[in-house]
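*Asks:* Here you go, data.pdb (PDB, C-alpha atoms):
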```
ATOM      1  CA  MET Y   1      -3.533 -16.466 -21.489
ATOM      2  CA  THR Y   2      -5.389 -17.412 -18.309
ATOM      3  CA  ASP Y   3      -7.799 -15.054 -16.575
ATOM      4  CA  VAL Y   4      -5.180 -14.348 -13.874
ATOM      5  CA  ASP Y   5      -2.527 -13.649 -16.504
ATOM      6  CA  GLU Y   6      -4.862 -11.222 -18.219
ATOM      7  CA  ARG Y   7      -5.698  -9.543 -14.920
ATOM      8  CA  ALA Y   8      -2.001  -9.142 -14.126
ATOM      9  CA  ALA Y   9      -1.376  -7.560 -17.525
ATOM     10  CA  VAL Y  10      -4.335  -5.196 -17.163
ATOM     11  CA  ALA Y  11      -3.267  -4.213 -13.627
ATOM     12  CA  GLU Y  12       0.168  -3.192 -14.895
ATOM     13  CA  ARG Y  13      -1.197  -1.429 -17.948
ATOM     14  CA  ALA Y  14      -3.750   0.499 -15.883
ATOM     15  CA  ALA Y  15      -1.216   1.453 -13.197
ATOM     16  CA  ARG Y  16       1.224   2.703 -15.833
ATOM     17  CA  ALA Y  17      -1.520   4.761 -17.485
ATOM     18  CA  GLY Y  18      -2.614   6.314 -14.197
ATOM     19  CA  GLY Y  19       0.969   6.968 -13.201
ATOM     20  CA  ARG Y  20       1.608   8.839 -16.432
ATOM     21  CA  VAL Y  21      -1.377  11.104 -15.809
ATOM     22  CA  ALA Y  22      -0.240  11.843 -12.257
ATOM     23  CA  ASN Y  23       3.353  12.400 -13.323
ATOM     24  CA  GLU Y  24       2.334  14.925 -16.000
ATOM     25  CA  ARG Y  25       0.916  17.090 -13.206
ATOM     26  CA  PHE Y  26       3.692  16.520 -10.639
ATOM     27  CA  ARG Y  27       5.461  19.709  -9.525
ATOM     28  CA  SER Y  28       3.092  21.756 -11.674
ATOM     29  CA  GLY Y  29       1.615  23.975  -8.960
ATOM     30  CA  ILE Y  30      -1.580  21.949  -8.884
ATOM     31  CA  THR Y  31      -4.347  23.075  -6.519
ATOM     32  CA  VAL Y  32      -4.555  21.093  -3.265
ATOM     33  CA  GLU Y  33      -7.922  20.486  -1.631
ATOM     34  CA  ALA Y  34      -8.593  19.276   1.918
ATOM     35  CA  LYS Y  35     -10.670  16.099   2.256
ATOM     36  CA  GLY Y  36     -10.360  16.158   6.035
ATOM     37  CA  GLU Y  37      -8.160  17.453   8.816
ATOM     38  CA  ASP Y  38      -5.215  15.285   7.764
ATOM     39  CA  ASP Y  39      -6.140  14.288   4.220
ATOM     40  CA  VAL Y  40      -5.706  16.084   0.900
ATOM     41  CA  VAL Y  41      -6.660  15.489  -2.719
ATOM     42  CA  THR Y  42      -5.820  17.056  -6.069
ATOM     43  CA  GLU Y  43      -7.301  16.962  -9.540
ATOM     44  CA  ALA Y  44      -4.367  14.703 -10.419
ATOM     45  CA  ASP Y  45      -5.759  12.048  -8.046
ATOM     46  CA  ARG Y  46      -9.155  12.188  -9.729
ATOM     47  CA  ALA Y  47      -7.784  12.250 -13.264
ATOM     48  CA  ALA Y  48      -5.428   9.356 -12.597
ATOM     49  CA  GLN Y  49      -8.227   7.279 -11.074
ATOM     50  CA  ARG Y  50     -10.496   7.918 -14.061
ATOM     51  CA  THR Y  51      -7.682   6.837 -16.378
ATOM     52  CA  VAL Y  52      -7.068   3.648 -14.399
ATOM     53  CA  ILE Y  53     -10.764   2.756 -14.442
ATOM     54  CA  GLU Y  54     -10.991   3.342 -18.177
ATOM     55  CA  ALA Y  55      -8.039   1.003 -18.761
ATOM     56  CA  ILE Y  56      -9.586  -1.703 -16.573
ATOM     57  CA  HIS Y  57     -13.020  -1.449 -18.145
ATOM     58  CA  GLU Y  58     -11.592  -1.983 -21.623
ATOM     59  CA  SER Y  59     -11.002  -5.608 -20.601
ATOM     60  CA  PHE Y  60     -13.255  -6.146 -17.577
ATOM     61  CA  PRO Y  61     -16.257  -3.837 -17.979
ATOM     62  CA  ASP Y  62     -18.444  -5.609 -15.422
ATOM     63  CA  ASP Y  63     -15.991  -5.854 -12.507
ATOM     64  CA  ALA Y  64     -16.510  -3.839  -9.338
ATOM     65  CA  ILE Y  65     -14.168  -0.924  -8.650
ATOM     66  CA  VAL Y  66     -12.896  -0.037  -5.181
ATOM     67  CA  GLY Y  67     -11.277   3.389  -5.386
ATOM     68  CA  GLU Y  68     -10.054   6.056  -3.001
ATOM     69  CA  GLU Y  69     -11.489   9.011  -4.896
ATOM     70  CA  GLU Y  70     -14.929  10.139  -6.032
ATOM     71  CA  ASP Y  71     -17.956   7.851  -5.670
ATOM     72  CA  GLU Y  72     -16.390   4.431  -6.181
ATOM     73  CA  ARG Y  73     -17.144   1.794  -3.565
ATOM     74  CA  LYS Y  74     -14.882   1.802  -0.499
ATOM     75  CA  THR Y  75     -14.922  -1.844   0.583
ATOM     76  CA  VAL Y  76     -13.709  -5.037  -1.055
ATOM     77  CA  PRO Y  77     -16.512  -7.482  -1.941
ATOM     78  CA  ASP Y  78     -16.078 -10.996  -0.573
ATOM     79  CA  GLU Y  79     -17.602 -12.500  -3.692
ATOM     80  CA  GLY Y  80     -16.812 -11.940  -7.339
ATOM     81  CA  ALA Y  81     -14.070  -9.997  -9.097
ATOM     82  CA  ALA Y  82     -13.045  -6.452  -8.213
ATOM     83  CA  TRP Y  83     -10.251  -3.937  -8.683
ATOM     84  CA  VAL Y  84      -8.684  -1.875  -5.900
ATOM     85  CA  ILE Y  85      -7.191   1.460  -6.969
ATOM     86  CA  ASP Y  86      -5.086   4.149  -5.348
ATOM     87  CA  PRO Y  87      -4.410   6.727  -8.066
ATOM     88  CA  ILE Y  88      -1.776   8.528  -5.992
ATOM     89  CA  ASP Y  89      -0.622   6.870  -2.803
ATOM     90  CA  GLY Y  90       1.555   9.325  -0.952
ATOM     91  CA  THR Y  91      -0.429  12.435  -1.888
ATOM     92  CA  HIS Y  92       1.187  14.382   0.967
ATOM     93  CA  ASN Y  93       4.565  13.625  -0.642
ATOM     94  CA  TYR Y  94       3.172  14.439  -4.082
ATOM     95  CA  VAL Y  95       1.932  17.916  -3.111
ATOM     96  CA  ARG Y  96       5.245  18.678  -1.353
ATOM     97  CA  ASP Y  97       7.185  17.805  -4.520
ATOM     98  CA  ILE Y  98       8.684  14.706  -2.891
ATOM     99  CA  PRO Y  99       9.039  11.896  -5.468
ATOM    100  CA  VAL Y 100       7.988   9.049  -3.150
ATOM    101  CA  TRP Y 101       4.475   8.341  -4.451
ATOM    102  CA  CYS Y 102       2.857   5.803  -6.709
ATOM    103  CA  THR Y 103      -0.201   4.561  -8.555
ATOM    104  CA  ALA Y 104      -1.372   1.198  -7.221
ATOM    105  CA  VAL Y 105      -3.801  -1.271  -8.791
ATOM    106  CA  ALA Y 106      -4.771  -4.689  -7.484
ATOM    107  CA  THR Y 107      -7.340  -7.208  -8.658
ATOM    108  CA  VAL Y 108      -9.149  -9.530  -6.272
ATOM    109  CA  VAL Y 109     -11.406 -12.551  -6.714
ATOM    110  CA  ASP Y 110     -13.697 -13.499  -3.838
ATOM    111  CA  GLY Y 111     -11.843 -11.074  -1.591
ATOM    112  CA  GLU Y 112      -8.341 -12.427  -2.246
ATOM    113  CA  PRO Y 113      -5.778 -10.614  -4.440
ATOM    114  CA  VAL Y 114      -4.591 -12.482  -7.505
ATOM    115  CA  ALA Y 115      -2.448  -9.794  -9.186
ATOM    116  CA  ALA Y 116      -1.159  -6.295  -8.477
ATOM    117  CA  ALA Y 117       0.936  -3.505  -9.947
ATOM    118  CA  THR Y 118       2.455  -0.416  -8.364
ATOM    119  CA  VAL Y 119       4.083   2.228 -10.533
ATOM    120  CA  ALA Y 120       6.353   4.900  -9.034
ATOM    121  CA  PRO Y 121       6.974   7.114 -12.083
ATOM    122  CA  VAL Y 122       9.527   9.535 -10.647
ATOM    123  CA  LEU Y 123      11.517   6.747  -9.022
ATOM    124  CA  GLY Y 124      11.414   4.721 -12.232
ATOM    125  CA  ASP Y 125      10.149   1.579 -10.510
ATOM    126  CA  VAL Y 126       7.352  -0.758 -11.541
ATOM    127  CA  TYR Y 127       6.405  -3.418  -8.992
ATOM    128  CA  THR Y 128       4.179  -6.297 -10.039
ATOM    129  CA  ALA Y 129       2.906  -9.514  -8.525
ATOM    130  CA  ASP Y 130       1.078 -12.496  -9.979
ATOM    131  CA  GLY Y 131       0.519 -16.131  -9.129
ATOM    132  CA  ASP Y 132       4.197 -16.949  -9.613
ATOM    133  CA  GLY Y 133       5.931 -14.215  -7.614
ATOM    134  CA  ALA Y 134       6.673 -10.525  -7.142
ATOM    135  CA  TYR Y 135       8.911  -8.391  -9.319
ATOM    136  CA  ARG Y 136      10.557  -4.978  -9.597
ATOM    137  CA  ASN Y 137      11.200  -3.865 -13.156
ATOM    138  CA  GLY Y 138      10.905  -7.499 -14.197
ATOM    139  CA  GLU Y 139      13.387  -8.866 -11.656
ATOM    140  CA  ARG Y 140      12.040 -11.369  -9.113
ATOM    141  CA  LEU Y 141      11.843 -10.103  -5.535
ATOM    142  CA  THR Y 142      12.559 -11.853  -2.261
ATOM    143  CA  VAL Y 143      12.292 -10.444   1.236
ATOM    144  CA  SER Y 144      15.468  -9.933   3.231
ATOM    145  CA  ASP Y 145      16.990 -12.717   5.302
ATOM    146  CA  VAL Y 146      17.824 -10.487   8.288
ATOM    147  CA  ALA Y 147      17.073 -12.442  11.452
ATOM    148  CA  ASP Y 148      18.699 -10.188  14.079
ATOM    149  CA  PRO Y 149      16.440  -7.286  15.135
ATOM    150  CA  ARG Y 150      19.522  -5.077  15.496
ATOM    151  CA  GLY Y 151      20.026  -5.390  11.755
ATOM    152  CA  GLY Y 152      16.403  -4.672  10.919
ATOM    153  CA  THR Y 153      14.777  -1.476   9.641
ATOM    154  CA  VAL Y 154      11.032  -0.980  10.139
ATOM    155  CA  ASP Y 155       8.564   1.661   8.924
ATOM    156  CA  PRO Y 156       5.577   2.965  10.968
ATOM    157  CA  THR Y 157       3.040   3.112   8.167
ATOM    158  CA  LEU Y 158      -0.419   4.588   7.548
ATOM    159  CA  TRP Y 159      -1.327   7.830   9.315
ATOM    160  CA  TRP Y 160      -2.386   8.590  12.854
ATOM    161  CA  ASP Y 161      -4.852  11.459  13.311
ATOM    162  CA  HIS Y 162      -3.857  14.381  15.509
ATOM    163  CA  ASP Y 163      -5.924  12.993  18.378
ATOM    164  CA  SER Y 164      -3.941   9.725  18.189
ATOM    165  CA  ARG Y 165      -0.411  11.094  18.198
ATOM    166  CA  ASP Y 166       0.376   9.144  21.349
ATOM    167  CA  GLU Y 167      -0.054   5.997  19.256
ATOM    168  CA  TYR Y 168       2.222   7.426  16.570
ATOM    169  CA  ALA Y 169       4.828   8.141  19.261
ATOM    170  CA  ASN Y 170       4.374   4.641  20.687
ATOM    171  CA  ALA Y 171       4.943   3.133  17.240
ATOM    172  CA  CYS Y 172       8.188   5.046  16.770
ATOM    173  CA  GLU Y 173       9.402   4.150  20.259
ATOM    174  CA  ALA Y 174       8.504   0.487  19.749
ATOM    175  CA  ILE Y 175      10.571   0.415  16.578
ATOM    176  CA  VAL Y 176      13.667   2.255  17.793
ATOM    177  CA  ARG Y 177      13.821   0.189  20.978
ATOM    178  CA  ARG Y 178      13.629  -3.121  19.111
ATOM    179  CA  PHE Y 179      15.337  -2.617  15.761
ATOM    180  CA  GLY Y 180      18.464  -1.136  14.299
ATOM    181  CA  ASP Y 181      16.770   1.694  12.414
ATOM    182  CA  MET Y 182      13.493   3.265  11.341
ATOM    183  CA  ARG Y 183      12.208   4.822   8.118
ATOM    184  CA  ARG Y 184       8.948   6.581   7.333
ATOM    185  CA  LEU Y 185       8.416   6.780   3.587
ATOM    186  CA  GLY Y 186       4.907   8.223   3.732
ATOM    187  CA  ALA Y 187       3.300   5.972   1.116
ATOM    188  CA  ALA Y 188       2.158   2.519   2.222
ATOM    189  CA  GLN Y 189       2.008   1.166  -1.315
ATOM    190  CA  ILE Y 190       5.683   1.974  -1.709
ATOM    191  CA  VAL Y 191       6.591   0.737   1.774
ATOM    192  CA  LEU Y 192       5.044  -2.683   1.171
ATOM    193  CA  PRO Y 193       6.887  -3.409  -2.096
ATOM    194  CA  THR Y 194      10.054  -2.180  -0.406
ATOM    195  CA  VAL Y 195       9.596  -4.917   2.211
ATOM    196  CA  ALA Y 196       9.038  -7.371  -0.643
ATOM    197  CA  ALA Y 197      12.295  -6.194  -2.221
ATOM    198  CA  GLY Y 198      14.299  -6.536   1.009
ATOM    199  CA  GLY Y 199      14.850  -2.810   1.562
ATOM    200  CA  LEU Y 200      12.905  -2.929   4.823
ATOM    201  CA  GLU Y 201      12.402  -5.804   7.231
ATOM    202  CA  GLY Y 202       8.893  -4.748   8.204
ATOM    203  CA  THR Y 203       6.195  -2.165   8.629
ATOM    204  CA  ILE Y 204       3.592  -1.759  11.370
ATOM    205  CA  SER Y 205       0.306  -0.096  12.154
ATOM    206  CA  ASN Y 206      -2.463  -0.696  14.673
ATOM    207  CA  LEU Y 207      -5.005   0.888  12.348
ATOM    208  CA  ARG Y 208      -7.416  -0.698   9.886
ATOM    209  CA  ALA Y 209      -5.863  -0.025   6.512
ATOM    210  CA  ASN Y 210      -7.928   1.236   3.626
ATOM    211  CA  PRO Y 211      -7.888  -1.439   0.915
ATOM    212  CA  TRP Y 212      -6.323   0.908  -1.641
ATOM    213  CA  ASP Y 213      -3.420   1.501   0.770
ATOM    214  CA  SER Y 214      -2.737  -2.162   1.388
ATOM    215  CA  VAL Y 215      -4.225  -4.960  -0.718
ATOM    216  CA  GLY Y 216      -1.787  -4.870  -3.636
ATOM    217  CA  GLY Y 217       1.317  -4.351  -1.524
ATOM    218  CA  VAL Y 218       0.367  -7.100   0.913
ATOM    219  CA  PHE Y 219       0.058  -9.493  -2.019
ATOM    220  CA  MET Y 220       3.524  -8.478  -3.203
ATOM    221  CA  VAL Y 221       5.055  -9.132   0.222
ATOM    222  CA  ARG Y 222       3.514 -12.572   0.409
ATOM    223  CA  GLN Y 223       4.572 -13.449  -3.134
ATOM    224  CA  ALA Y 224       8.121 -12.431  -2.189
ATOM    225  CA  GLY Y 225       8.151 -14.773   0.822
ATOM    226  CA  GLY Y 226       7.153 -12.367   3.594
ATOM    227  CA  ARG Y 227       4.435 -12.605   6.222
ATOM    228  CA  VAL Y 228       1.459 -10.314   6.909
ATOM    229  CA  THR Y 229      -0.860 -10.588   9.923
ATOM    230  CA  ASP Y 230      -3.240  -8.568  12.038
ATOM    231  CA  LEU Y 231      -2.522  -7.463  15.607
ATOM    232  CA  GLU Y 232      -3.475 -10.917  16.903
ATOM    233  CA  GLY Y 233      -1.025 -12.670  14.625
ATOM    234  CA  ASN Y 234      -3.757 -14.016  12.354
ATOM    235  CA  ARG Y 235      -3.473 -13.942   8.582
ATOM    236  CA  TRP Y 236      -4.231 -10.404   7.386
ATOM    237  CA  ARG Y 237      -7.134  -9.708   5.044
ATOM    238  CA  HIS Y 238      -8.646  -6.543   3.651
ATOM    239  CA  ASP Y 239     -10.884  -5.920   6.685
ATOM    240  CA  SER Y 240      -8.351  -6.732   9.432
ATOM    241  CA  THR Y 241      -7.440  -4.405  12.278
ATOM    242  CA  GLY Y 242      -3.732  -3.701  12.299
ATOM    243  CA  LEU Y 243      -1.167  -4.237   9.573
ATOM    244  CA  VAL Y 244       1.899  -6.227  10.626
ATOM    245  CA  VAL Y 245       4.298  -6.948   7.790
ATOM    246  CA  SER Y 246       7.687  -8.608   7.959
ATOM    247  CA  ASN Y 247      10.301 -10.635   6.158
ATOM    248  CA  GLY Y 248       9.096 -13.629   8.168
ATOM    249  CA  ALA Y 249      12.298 -14.144  10.122
ATOM    250  CA  LEU Y 250      11.558 -11.130  12.340
ATOM    251  CA  HIS Y 251       7.791 -11.443  12.481
ATOM    252  CA  ASP Y 252       7.532 -12.095  16.214
ATOM    253  CA  GLU Y 253       9.516  -8.941  16.964
ATOM    254  CA  VAL Y 254       7.599  -6.876  14.400
ATOM    255  CA  LEU Y 255       4.298  -8.119  15.837
ATOM    256  CA  ALA Y 256       5.421  -7.206  19.355
ATOM    257  CA  ALA Y 257       6.246  -3.704  18.146
ATOM    258  CA  ALA Y 258       2.826  -3.347  16.558
ATOM    259  CA  ARG Y 259       1.076  -4.535  19.706
ATOM    260  CA  ALA Y 260       3.101  -2.050  21.748
ATOM    261  CA  ILE Y 261       1.377   0.826  19.941
ATOM    262  CA  GLU Y 262      -1.667   0.212  22.128
ATOM    263  CA  ARG Y 263       0.387  -1.215  25.000
ATOM    264  CA  LEU Y 264      -0.854  -4.736  24.232
ATOM    265  CA  GLU Y 265       2.634  -6.127  24.915
TER     266      GLU Y 265
END
```
Written as structure tokens, how would this file's structure read?

*Replies:*
Amino acid sequence: MTDVDERAAVAERAARAGGRVANERFRSGITVEAKGEDDVVTEADRAAQRTVIEAIHESFPDDAIVGEEEDERKTVPDEGAAWVIDPIDGTHNYVRDIPVWCTAVATVVDGEPVAAATVAPVLGDVYTADGDGAYRNGERLTVSDVADPRGGTVDPTLWWDHDSRDEYANACEAIVRRFGDMRRLGAAQIVLPTVAAGGLEGTISNLRANPWDSVGGVFMVRQAGGRVTDLEGNRWRHDSTGLVVSNGALHDEVLAAARAIERLE
């Protein structure tokens, strides 16, 4: 087994373990705490993250951890190996008893992802990606081949603060004026694999994505044949501004929609 193969196996094992912990507490009346005006956390988030880290450190005890909760580092190092963890992506869904949430784990080397796993326990889906491709429940994924914007469905992802609701409105308008339909799933690390699987043609944001909301899913999209850029159309990386994701065939239109959020188009 190569190092990348081992990392892919550990990513899936850790994501499954964290997902089990979160799922045990789902719809259990768990206490919800506010982290900020528009952000919440539960003990399930913290417990799931601890479980994920324990699973990773069994095999890679010296690797850096980038995690949403507690005191883990919040940025991806540009050198060396690291793991990027979101114990529950879609916490707002989770606390409202909506089953669209997941545990996401990615591993990076010198700032670039090499493997990822996203486990959505209630939905029964396990998404993985390695050097050979992206998969859902073991079946290889490819992005959709929709090339007509009227046949495309796009998701406005991430979250706009209350003082930026004009940008949220602009994103929705940009989508509905350009594409056939719009979805908002409320969990970026489910949205991104859904693009990889062909269920969506794209997703857009003008914001800088947190690495735990993006790195693993971006890798899955690329491994499934899609395209991911920043607002300038340059190749996206973990510190880019804007997240523009598409099936490739519609990327120019998806990019125009993303740039319209700030009236750049």

*Asks:* What's around Gly242 (chain Y) at 6 Å? Count all atoms listed in the file, leave out sequence neighbours fewer than 4 positions away in its own chain, and write the answer as a list of chain:residue names.

*Replies:*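 Contacts, with the query itself left out: Y:Ser205, Y:Asn206, Y:Leu207, Y:Arg208, Y:Asp230, Y:Leu231.
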
*Asks:* Could you write those residues out with C-alpha atoms, as a tab-separated table (two decimals), in the frame of the given file?

*Replies:*
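This went into again-v7.tsv:
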```
chain	number	residue	atom	x	y	z
Y	205	SER	CA	0.31	-0.10	12.15
Y	206	ASN	CA	-2.46	-0.70	14.67
Y	207	LEU	CA	-5.00	0.89	12.35
Y	208	ARG	CA	-7.42	-0.70	9.89
Y	230	ASP	CA	-3.24	-8.57	12.04
Y	231	LEU	CA	-2.52	-7.46	15.61
```

*Asks:* Please provide the set of residues having any atom within 6 Å of Ala197 (chain Y), restricted to only C-alpha atoms, with same-chain residues fewer than 6 positions apart removed, written as a PyMOL selection string.

*Replies:* chain Y and resi 141-143

*Asks:* Could you please determine the separation between CA of Ile98 (chain Y) and CA of Ala187 (chain Y) in Å, to one decimal place?

*Replies:*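 Spanning CA of Ile98 (chain Y) to CA of Ala187 (chain Y) is a straight-line distance of 11.0 Å.
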
*Asks:* Give me the result of the PyMOL selection byres ((chain Y and resi 76-80) around 6) on this file, residue by residue, as a CSV table (one decimal) with C-alpha atoms, keeping the file's coordinate frame.

*Replies:*
```
chain,number,residue,atom,x,y,z
Y,75,THR,CA,-14.9,-1.8,0.6
Y,81,ALA,CA,-14.1,-10.0,-9.1
Y,109,VAL,CA,-11.4,-12.6,-6.7
Y,110,ASP,CA,-13.7,-13.5,-3.8
Y,111,GLY,CA,-11.8,-11.1,-1.6
```

*Asks:* Pick out the closest residue to Ile30 (chain Y) from this set: Y:Gln49, Y:Asp161, Y:Tyr94, Y:Arg227. Count all atoms listed in the file.

*Replies:* Y:Tyr94

*Asks:* Which protein, DNA or RNA residues have an atom at most 8 Å from (5.2, 7.2, -5.8), counting all atoms listed in the file? List them as a ChimeraX atom specification.

*Replies:* /Y:88-90,94,99-103,119-123,187,190

*Asks:* Considering only C-alpha atoms, return as a list of chain:residue names whatever protein or nucleic-acid residues lie within 9 Å of Thr128 (chain Y), sequence-local ones (same chain, fewer than 6 positions apart) excluded.

*Replies:*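 Here the answer would be Y:Ala8, Y:Ala11, Y:Glu12, Y:Ala115, Y:Ala116, Y:Ala117, Y:Thr118, Y:Val119, Y:Ala134, Y:Tyr135, Y:Arg136, Y:Asn137, Y:Gly138, Y:Pro193, Y:Gly216, Y:Met220.
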
*Asks:* Nearest to Leu250 (chain Y) among Y:Gly217, Y:Pro149, Y:Gly124, Y:Gly198, with distances taken over all atoms listed in the file: which residue is it?

*Replies:* Y:Pro149

*Asks:* Within 12 Å of Ala34 (chain Y), counting all atoms listed in the file, which residues qualify if same-chain residues fewer than 4 places away don't, as a VMD selection string?

*Replies:* chain Y and resid 38 to 43 91 to 92 95

*Asks:* Go ahead and write the residues just picked, C-alpha atoms, as a PDB file, in the coordinates of the input.

*Replies:*
```pdb
ATOM      1  CA  ASP Y  38      -5.215  15.285   7.764  1.00  0.00           C
ATOM      2  CA  ASP Y  39      -6.140  14.288   4.220  1.00  0.00           C
ATOM      3  CA  VAL Y  40      -5.706  16.084   0.900  1.00  0.00           C
ATOM      4  CA  VAL Y  41      -6.660  15.489  -2.719  1.00  0.00           C
ATOM      5  CA  THR Y  42      -5.820  17.056  -6.069  1.00  0.00           C
ATOM      6  CA  GLU Y  43      -7.301  16.962  -9.540  1.00  0.00           C
ATOM      7  CA  THR Y  91      -0.429  12.435  -1.888  1.00  0.00           C
ATOM      8  CA  HIS Y  92       1.187  14.382   0.967  1.00  0.00           C
ATOM      9  CA  VAL Y  95       1.932  17.916  -3.111  1.00  0.00           C
TER      10      VAL Y  95
END
```

*Asks:* For the structure provided, state which residues fall under the PyMOL selection byres ((chain Y and resi 225) around 8), and present them as a PyMOL selection string.

*Replies:* chain Y and resi 142-143+196+221-224+226-227+247-248

*Asks:* Which residues would end up in the selection if the PyMOL selection byres ((chain Y and resi 4) around 12) were applied here, given that I need the answer as a ChimeraX atom specification?

*Replies:* /Y:1-3,5-11,81,106-109,113-116,129-132

*Asks:* CA of Ile261 (chain Y) and CA of Asn170 (chain Y) are how many Å apart?

*Replies:*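 According to the coordinates, CA of Ile261 (chain Y) and CA of Asn170 (chain Y) are separated by 4.9 Å.
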
*Asks:* So which one's closest to Ile85 (chain Y), Y:Asn234, Y:Ser240, Y:Thr203, Y:Gln189? Using all atoms listed in the file, please.

*Replies:*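 Answer, going by the shortest atom-to-atom distance: Y:Gln189.
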
*Asks:* May I have the residues at most 8 Å from (17.3, 6.2, 11.6) in the file's coordinates, counting all atoms listed in the file, as a PyMOL selection string?

*Replies:* chain Y and resi 180-183

*Asks:* Give the answer as one residue: which of Y:Arg13, Y:His162, Y:Ala174, Y:Arg46 has the shortest atom-to-atom distance to Arg25 (chain Y), using all atoms listed in the file?

*Replies:* Y:Arg46
